file data12.tsv (TSV, C-alpha atoms and all ligand atoms)
chain	number	residue	atom	x	y	z
A	1031	MET	CA	104.66	57.58	131.38
A	1032	LYS	CA	105.87	59.69	134.31
A	1033	MET	CA	105.01	62.88	132.38
A	1034	ILE	CA	101.35	61.97	132.13
A	1035	LEU	CA	101.05	60.51	135.62
A	1036	HIS	CA	102.70	63.61	137.11
A	1037	LEU	CA	101.48	66.60	135.12
A	1038	GLU	CA	102.84	68.93	137.82
A	1039	VAL	CA	106.34	67.60	137.12
A	1040	GLN	CA	105.83	68.19	133.39
A	1041	ARG	CA	104.73	71.79	134.06
A	1042	LYS	CA	107.79	72.44	136.25
A	1043	GLY	CA	110.10	71.13	133.52
A	1044	GLN	CA	108.33	73.33	130.96
A	1045	ALA	CA	108.57	76.38	133.22
A	1046	GLU	CA	112.32	75.84	133.61
A	1047	ILE	CA	112.83	75.59	129.85
A	1048	ASP	CA	110.54	78.58	129.10
A	1049	ALA	CA	112.39	80.74	131.62
A	1050	VAL	CA	115.72	80.14	129.90
A	1051	LYS	CA	114.79	79.75	126.28
A	1052	GLY	CA	111.37	81.07	125.47
A	1053	PHE	CA	110.30	79.43	122.24
A	1054	GLY	CA	113.06	80.86	120.03
A	1055	ARG	CA	114.67	77.50	119.34
A	1056	LEU	CA	114.59	73.96	120.60
A	1057	PRO	CA	116.77	73.14	123.62
A	1058	SER	CA	119.84	71.05	122.82
A	1059	ASN	CA	122.49	69.25	124.83
A	1060	SER	CA	124.51	72.47	125.17
A	1061	ASP	CA	121.62	73.81	127.33
A	1062	LYS	CA	121.96	70.94	129.81
A	1063	PRO	CA	123.79	72.98	132.51
A	1064	ASN	CA	120.86	75.46	132.58
A	1065	PHE	CA	118.19	72.85	133.24
A	1066	PRO	CA	118.75	71.26	136.68
A	1067	TYR	CA	115.09	70.25	137.00
A	1068	VAL	CA	115.12	68.43	133.65
A	1069	ARG	CA	118.36	66.67	134.70
A	1070	ALA	CA	116.69	65.71	138.00
A	1071	PHE	CA	113.63	64.44	136.07
A	1072	ILE	CA	115.93	62.07	134.14
A	1073	ALA	CA	117.81	60.90	137.27
A	1074	GLU	CA	114.49	60.33	139.04
A	1075	SER	CA	113.01	58.40	136.10
A	1076	LEU	CA	116.09	56.14	136.02
A	1077	ARG	CA	115.99	55.73	139.81
A	1078	PHE	CA	112.30	54.97	139.84
A	1079	MET	CA	112.37	52.48	136.99
A	1080	PRO	CA	115.86	51.62	135.77
A	1081	PRO	CA	115.67	49.91	132.33
A	1082	ILE	CA	117.67	47.07	133.91
A	1083	PRO	CA	115.65	46.09	137.00
A	1084	LEU	CA	118.08	47.04	139.75
A	1085	CYS	CA	115.97	48.99	142.18
A	1086	GLN	CA	114.33	47.06	145.00
A	1087	LEU	CA	112.02	49.80	146.17
A	1088	ILE	CA	110.13	47.60	148.59
A	1089	SER	CA	113.23	46.43	150.47
A	1090	GLN	CA	114.62	49.97	150.13
A	1091	ASN	CA	117.82	48.69	148.54
A	1092	PHE	CA	119.26	49.72	145.22
A	1093	GLN	CA	121.20	46.76	143.82
A	1094	GLY	CA	123.82	46.75	141.10
A	1095	ASP	CA	124.12	44.16	138.36
A	1096	PRO	CA	125.39	40.82	139.77
A	1097	HIS	CA	128.99	39.84	138.92
A	1098	ALA	CA	130.83	36.56	139.62
A	1099	LEU	CA	134.43	36.36	140.85
A	1100	LYS	CA	136.99	34.93	138.41
A	1101	GLY	CA	139.24	33.91	141.33
A	1102	ASP	CA	139.38	33.85	145.13
A	1103	ASP	CA	139.48	37.35	146.66
A	1104	VAL	CA	139.55	39.08	150.02
A	1105	TYR	CA	137.56	42.19	150.98
A	1106	GLY	CA	138.24	43.51	154.48
A	1107	ASN	CA	137.77	40.52	156.80
A	1108	TYR	CA	135.79	38.56	154.23
A	1109	PHE	CA	137.17	35.70	152.12
A	1110	LEU	CA	135.29	35.59	148.82
A	1111	PRO	CA	135.68	32.29	146.90
A	1112	LYS	CA	135.98	32.05	143.11
A	1113	GLY	CA	132.52	32.00	141.49
A	1114	ALA	CA	130.83	33.91	144.36
A	1115	TRP	CA	128.18	36.36	143.21
A	1116	ILE	CA	128.87	39.95	144.20
A	1117	ILE	CA	125.86	42.25	144.25
A	1118	THR	CA	126.45	45.86	145.23
A	1119	SER	CA	123.74	47.37	147.35
A	1120	ASP	CA	123.11	50.91	148.52
A	1121	ARG	CA	120.37	52.00	150.86
A	1122	ASP	CA	121.22	55.72	150.76
A	1123	THR	CA	120.61	56.06	147.04
A	1124	LEU	CA	116.86	56.04	147.54
A	1125	LEU	CA	117.24	59.58	148.84
A	1126	GLY	CA	114.82	60.53	151.50
A	1127	PRO	CA	111.92	59.17	153.49
A	1128	ASP	CA	109.52	58.45	150.64
A	1129	PRO	CA	111.36	56.34	148.04
A	1130	MET	CA	108.09	55.18	146.43
A	1131	ALA	CA	107.24	58.74	145.34
A	1132	PHE	CA	108.32	60.03	141.93
A	1133	ASN	CA	109.84	63.33	142.94
A	1134	PRO	CA	112.62	65.11	140.99
A	1135	ASP	CA	112.72	67.71	143.80
A	1136	ARG	CA	114.35	65.14	146.11
A	1137	TYR	CA	117.74	66.02	144.50
A	1138	LYS	CA	117.32	69.73	145.35
A	1139	GLY	CA	119.17	70.50	142.11
A	1140	ASN	CA	122.28	68.78	143.50
A	1141	ASP	CA	124.23	67.06	140.70
A	1142	GLU	CA	126.21	64.93	143.15
A	1143	ALA	CA	123.00	63.35	144.40
A	1144	MET	CA	121.88	62.74	140.79
A	1145	GLU	CA	125.26	61.20	139.92
A	1146	GLN	CA	125.04	58.91	142.96
A	1147	VAL	CA	121.87	57.44	141.49
A	1148	LEU	CA	123.25	57.32	137.95
A	1149	SER	CA	126.44	55.55	139.07
A	1150	LEU	CA	124.28	52.65	140.23
A	1151	VAL	CA	121.92	52.75	137.27
A	1152	PHE	CA	124.85	52.51	134.82
A	1153	GLY	CA	127.13	50.42	137.03
A	1154	PHE	CA	130.63	51.36	138.17
A	1155	GLY	CA	134.19	50.07	138.02
A	1156	ARG	CA	135.60	48.21	135.02
A	1157	ARG	CA	132.24	46.91	133.82
A	1158	GLN	CA	130.49	50.29	133.98
A	1159	CYS	CA	128.14	50.85	131.04
A	1160	PRO	CA	130.20	52.24	128.14
A	1161	GLY	CA	127.04	53.71	126.60
A	1162	ARG	CA	126.20	55.90	129.60
A	1163	LEU	CA	127.14	59.28	128.13
A	1164	PHE	CA	125.33	58.49	124.91
A	1165	ALA	CA	122.31	57.31	126.92
A	1166	LYS	CA	122.26	60.37	129.23
A	1167	ASN	CA	122.59	62.85	126.36
A	1168	SER	CA	119.97	61.05	124.29
A	1169	LEU	CA	117.56	61.06	127.22
A	1170	PHE	CA	118.10	64.78	127.74
A	1171	ALA	CA	117.45	65.56	124.06
A	1172	LEU	CA	114.43	63.24	123.99
A	1173	LEU	CA	112.91	64.91	127.04
A	1174	ALA	CA	113.82	68.59	126.69
A	1175	ALA	CA	112.58	69.15	123.12
A	1176	PRO	CA	109.06	67.73	123.67
A	1177	LEU	CA	108.80	69.58	126.99
A	1178	ALA	CA	109.56	72.85	125.20
A	1179	ILE	CA	106.92	72.50	122.52
A	1180	CYS	CA	104.27	69.96	123.60
A	1181	ASP	CA	101.74	69.33	126.33
A	1182	ILE	CA	101.52	65.61	126.91
A	1183	SER	CA	98.48	64.29	128.73
A	1184	PRO	CA	96.70	60.96	129.21
A	1185	GLY	CA	94.94	59.71	126.06
A	1186	LEU	CA	91.25	58.81	125.80
A	1187	ASP	CA	89.81	55.31	125.54
A	1188	ILE	CA	87.22	54.40	122.87
A	1189	SER	CA	84.40	55.81	125.00
A	1190	GLY	CA	86.19	59.14	125.33
A	1191	ARG	CA	87.22	58.65	128.96
A	1192	VAL	CA	90.72	59.53	130.17
A	1193	GLU	CA	92.82	56.36	130.22
A	1194	LEU	CA	95.72	56.17	132.66
A	1195	PRO	CA	98.35	53.46	132.10
A	1196	LYS	CA	97.26	50.19	133.75
A	1197	ARG	CA	100.60	48.45	134.12
A	1198	LEU	CA	103.64	50.04	135.66
A	1199	CYS	CA	106.21	48.16	133.58
A	1200	THR	CA	106.98	45.02	131.64
A	1201	SER	CA	109.00	42.23	133.26
A	1202	GLY	CA	112.29	40.74	132.06
A	1203	SER	CA	115.97	41.58	132.09
A	1204	VAL	CA	115.26	44.90	130.35
A	1205	ILE	CA	112.08	46.61	131.48
A	1206	THR	CA	109.99	49.25	129.74
A	1207	PRO	CA	106.69	50.93	130.60
A	1208	GLY	CA	103.69	48.95	129.37
A	1209	PRO	CA	101.56	50.33	126.50
A	1210	VAL	CA	100.53	53.92	127.22
A	1211	ARG	CA	97.88	55.97	125.39
A	1212	ILE	CA	98.87	59.63	125.27
A	1213	SER	CA	97.59	62.87	123.81
A	1214	VAL	CA	100.16	65.33	122.46
A	1215	LYS	CA	99.28	68.96	121.68
A	1216	SER	CA	101.56	71.79	120.66
A	1217	ARG	CA	101.83	74.43	123.39
A	1218	SER	CA	101.52	77.55	121.24
A	1219	VAL	CA	101.68	78.98	117.73
A	1220	ALA	CA	105.44	79.50	118.20
A	1221	ALA	CA	105.81	75.86	119.24
A	1222	GLU	CA	103.89	74.82	116.12
A	1223	ALA	CA	106.31	76.80	113.97
A	1224	LEU	CA	109.24	74.97	115.61
A	1225	LEU	CA	107.51	71.63	115.00
A	1226	ALA	CA	107.02	72.54	111.33
A	1227	GLU	CA	110.77	73.34	111.10
A	1228	ILE	CA	111.63	69.90	112.49
A	1229	GLU	CA	109.25	68.23	110.03
A	1230	GLU	CA	110.98	70.11	107.22
A	1231	VAL	CA	114.42	68.89	108.40
A	1232	ILE	CA	113.50	65.23	108.94
A	1233	GLY	CA	111.00	65.12	106.05
B	1301	LIG	C1	119.43	54.22	130.00
B	1301	LIG	C2	120.18	53.42	129.25
B	1301	LIG	C3	121.16	52.40	129.79
B	1301	LIG	C4	121.27	51.84	131.03
B	1301	LIG	C5	120.40	52.08	132.26
B	1301	LIG	C6	122.39	50.92	131.00
B	1301	LIG	C7	122.83	50.20	132.08
B	1301	LIG	C8	123.87	49.29	132.03
B	1301	LIG	C9	124.30	48.49	133.14
B	1301	LIG	C10	123.71	48.51	134.56
B	1301	LIG	C11	125.33	47.72	132.71
B	1301	LIG	C12	126.09	46.69	133.56
B	1301	LIG	C13	127.18	47.39	134.36
B	1301	LIG	C14	127.90	46.46	135.27
B	1301	LIG	O1	128.00	45.25	134.95
B	1301	LIG	O2	128.36	46.90	136.33
B	1301	LIG	C15	125.54	48.02	131.32
B	1301	LIG	C16	126.50	47.43	130.54
B	1301	LIG	C17	126.70	47.71	129.22
B	1301	LIG	N1	126.04	48.68	128.47
B	1301	LIG	FE1	124.57	49.86	129.11
B	1301	LIG	N2	122.94	50.96	129.75
B	1301	LIG	C18	122.23	51.84	128.97
B	1301	LIG	C19	122.48	52.20	127.66
B	1301	LIG	C20	123.50	51.67	126.90
B	1301	LIG	C21	123.79	52.12	125.53
B	1301	LIG	C22	123.04	53.24	124.79
B	1301	LIG	C23	124.84	51.35	125.12
B	1301	LIG	C24	125.56	51.36	123.81
B	1301	LIG	C25	125.54	52.38	122.96
B	1301	LIG	C26	125.20	50.42	126.20
B	1301	LIG	C27	126.19	49.49	126.15
B	1301	LIG	C28	126.55	48.66	127.20
B	1301	LIG	C29	127.57	47.59	127.11
B	1301	LIG	C30	128.39	47.21	125.87
B	1301	LIG	C31	127.66	47.02	128.37
B	1301	LIG	C32	128.58	45.87	128.82
B	1301	LIG	C33	129.86	46.41	129.44
B	1301	LIG	C34	130.75	45.31	130.03
B	1301	LIG	O3	130.23	44.24	130.39
B	1301	LIG	O4	131.96	45.53	130.17
B	1301	LIG	N3	124.36	50.67	127.26
B	1301	LIG	N4	124.66	48.99	130.92

call {"tool": "encode", "arguments": {"input": "data12.tsv", "output": "C-alpha cells"}}
result
Amino acid sequence: MKMILHLEVQRKGQAEIDAVKGFGRLPSNSDKPNFPYVRAFIAESLRFMPPIPLCQLISQNFQGDPHALKGDDVYGNYFLPKGAWIITSDRDTLLGPDPMAFNPDRYKGNDEAMEQVLSLVFGFGRRQCPGRLFAKNSLFALLAAPLAICDISPGLDISGRVELPKRLCTSGSVITPGPVRISVKSRSVAAEALLAEIEEVIG
C-alpha cells in the first residue's frame, strides 16, 4: 500500500537497486547490505503500521506488547505486584518531528536507528519474536524483487478512474492493509525476461 501511496519512495528504492544491480539478476538477501534505502523502507513500513498494533502515533508513544508479572518484582523505586501489566513505551522511536509522515529518509541510512524501531516491533528480552530474522529476510526478498522489475501504481475502478485505498488498515490483534487495487507493469524488456525466468522456475 505504501508503494502506491508514495510513488516517490518506490522510485528511490528502484534507483538504489538499479544503481547496484542493473537488471542482470534479481536482488536476493545477500544484496541486503547494499540497499540501505530498501532496508529503511521496511523499517519505516513496520514503524508506520506494525502488523501487531503497537504504535500509538497520535499519543506519540510506541508501545510494546503487554506482559503480566508472574510474581512480585521491584524496578528502581517501584514495587510491581504479581499480575501487574507491564507495557514498554518509547517516545524516541518515532524519530523526528513528523511521526505521521511515511518517510524512509528519517533513518538517514543509519542501521542503529532502524534496529531501534525493529526491536520494538518484534519485542525484546526473553519473549522477543523468534520469527524476526525469518520475517525481516522474507520482507526484504518480497520487496526488493518486485522493486527491481515492476512499476506498481494505483489500480483503476470500474469507470477507469484511479482508485486509491480507502481504508488505512483492518482492526484486530493482527492488522493488515485493507483491500487495495493495484496495477503492476514490468519496467523494461530486461525485467520481462527476468519475470519469464521466474515463471519458468515456479511453473
Ligand atoms: C513482521 C512480522 C512479525 C512481527 C511484527 C512479529 C512481532 C511479534 C511480537 C511483537 C511478538 C511479541 C513479543 C513480546 O511479547 O515481547 C511476537 C511473538 C512471537 N512471534 Fe512474531 N512477529 C512476526 C513474524 C513472526 C514469524 C514469521 C514467526 C514464526 C515463523 C513468529 C513467531 C512468533 C512466536 C512463536 C512468538 C511468541 C514468542 C513468545 O511468547 O515467547 N513471528 N512476534

call {"tool": "closest_residue", "arguments": {"input": "data12.tsv", "among": "A:Ser1183, A:Asn1059, A:Ser1203, A:Ser1218", "to": "ligand LIG 1301 (chain B)", "atoms": "only C-alpha atoms and all ligand atoms"}}
result
A:Ser1203

call {"tool": "closest_residue", "arguments": {"input": "data12.tsv", "among": "A:Lys1062, A:Leu1148, A:Phe1071, A:Leu1225", "to": "A:Asp1135", "atoms": "only C-alpha atoms"}}
result
A:Phe1071

call {"tool": "residues_near_ligand", "arguments": {"input": "data12.tsv", "ligand": "ligand LIG 1301 (chain B)", "cutoff": "12 Å", "atoms": "all atoms listed in the file", "output": "PDB file with C-alpha atoms, keeping the file's coordinate frame"}}
result
ATOM      1  CA  ILE A1072     115.930  62.070 134.140  1.00  0.00           C
ATOM      2  CA  ALA A1073     117.810  60.900 137.270  1.00  0.00           C
ATOM      3  CA  GLU A1074     114.490  60.330 139.040  1.00  0.00           C
ATOM      4  CA  SER A1075     113.010  58.400 136.100  1.00  0.00           C
ATOM      5  CA  LEU A1076     116.090  56.140 136.020  1.00  0.00           C
ATOM      6  CA  ARG A1077     115.990  55.730 139.810  1.00  0.00           C
ATOM      7  CA  PHE A1078     112.300  54.970 139.840  1.00  0.00           C
ATOM      8  CA  MET A1079     112.370  52.480 136.990  1.00  0.00           C
ATOM      9  CA  PRO A1080     115.860  51.620 135.770  1.00  0.00           C
ATOM     10  CA  PRO A1081     115.670  49.910 132.330  1.00  0.00           C
ATOM     11  CA  ILE A1082     117.670  47.070 133.910  1.00  0.00           C
ATOM     12  CA  PRO A1083     115.650  46.090 137.000  1.00  0.00           C
ATOM     13  CA  LEU A1084     118.080  47.040 139.750  1.00  0.00           C
ATOM     14  CA  CYS A1085     115.970  48.990 142.180  1.00  0.00           C
ATOM     15  CA  PHE A1092     119.260  49.720 145.220  1.00  0.00           C
ATOM     16  CA  GLN A1093     121.200  46.760 143.820  1.00  0.00           C
ATOM     17  CA  GLY A1094     123.820  46.750 141.100  1.00  0.00           C
ATOM     18  CA  ASP A1095     124.120  44.160 138.360  1.00  0.00           C
ATOM     19  CA  PRO A1096     125.390  40.820 139.770  1.00  0.00           C
ATOM     20  CA  HIS A1097     128.990  39.840 138.920  1.00  0.00           C
ATOM     21  CA  ALA A1098     130.830  36.560 139.620  1.00  0.00           C
ATOM     22  CA  ILE A1116     128.870  39.950 144.200  1.00  0.00           C
ATOM     23  CA  ILE A1117     125.860  42.250 144.250  1.00  0.00           C
ATOM     24  CA  THR A1118     126.450  45.860 145.230  1.00  0.00           C
ATOM     25  CA  SER A1119     123.740  47.370 147.350  1.00  0.00           C
ATOM     26  CA  VAL A1147     121.870  57.440 141.490  1.00  0.00           C
ATOM     27  CA  LEU A1148     123.250  57.320 137.950  1.00  0.00           C
ATOM     28  CA  SER A1149     126.440  55.550 139.070  1.00  0.00           C
ATOM     29  CA  LEU A1150     124.280  52.650 140.230  1.00  0.00           C
ATOM     30  CA  VAL A1151     121.920  52.750 137.270  1.00  0.00           C
ATOM     31  CA  PHE A1152     124.850  52.510 134.820  1.00  0.00           C
ATOM     32  CA  GLY A1153     127.130  50.420 137.030  1.00  0.00           C
ATOM     33  CA  PHE A1154     130.630  51.360 138.170  1.00  0.00           C
ATOM     34  CA  GLY A1155     134.190  50.070 138.020  1.00  0.00           C
ATOM     35  CA  ARG A1156     135.600  48.210 135.020  1.00  0.00           C
ATOM     36  CA  ARG A1157     132.240  46.910 133.820  1.00  0.00           C
ATOM     37  CA  GLN A1158     130.490  50.290 133.980  1.00  0.00           C
ATOM     38  CA  CYS A1159     128.140  50.850 131.040  1.00  0.00           C
ATOM     39  CA  PRO A1160     130.200  52.240 128.140  1.00  0.00           C
ATOM     40  CA  GLY A1161     127.040  53.710 126.600  1.00  0.00           C
ATOM     41  CA  ARG A1162     126.200  55.900 129.600  1.00  0.00           C
ATOM     42  CA  LEU A1163     127.140  59.280 128.130  1.00  0.00           C
ATOM     43  CA  PHE A1164     125.330  58.490 124.910  1.00  0.00           C
ATOM     44  CA  ALA A1165     122.310  57.310 126.920  1.00  0.00           C
ATOM     45  CA  LYS A1166     122.260  60.370 129.230  1.00  0.00           C
ATOM     46  CA  ASN A1167     122.590  62.850 126.360  1.00  0.00           C
ATOM     47  CA  SER A1168     119.970  61.050 124.290  1.00  0.00           C
ATOM     48  CA  LEU A1169     117.560  61.060 127.220  1.00  0.00           C
ATOM     49  CA  PHE A1170     118.100  64.780 127.740  1.00  0.00           C
ATOM     50  CA  LEU A1172     114.430  63.240 123.990  1.00  0.00           C
ATOM     51  CA  SER A1203     115.970  41.580 132.090  1.00  0.00           C
ATOM     52  CA  VAL A1204     115.260  44.900 130.350  1.00  0.00           C
ATOM     53  CA  ILE A1205     112.080  46.610 131.480  1.00  0.00           C
ATOM     54  CA  THR A1206     109.990  49.250 129.740  1.00  0.00           C
TER      55      THR A1206
END

call {"tool": "residues_around", "arguments": {"input": "data12.tsv", "residues": "A:Lys1042", "least_positions_apart": "3", "cutoff": "12 Å", "atoms": "all atoms listed in the file", "output": "ChimeraX atom specification"}}
result
/A:1033,1036-1039,1045-1049,1065-1068,1070-1071,1133-1135,1174,1177-1178

call {"tool": "axis_aligned_box", "arguments": {"input": "data12.tsv", "around": "stretch 1032-1047 of chain A", "padding_each_side": "8 Å", "output": "lines of an AutoDock Vina configuration file"}}
result
center_x = 106.9
center_y = 68.0
center_z = 133.8
size_x = 27.8
size_y = 32.7
size_z = 24.0

call {"tool": "residues_around", "arguments": {"input": "data12.tsv", "residues": "A:Val1192", "least_positions_apart": "2", "cutoff": "12 Å", "atoms": "only C-alpha atoms", "output": "NGL selection string"}}
result
:A and (1034-1035 or 1183-1190 or 1194-1196 or 1210-1213)
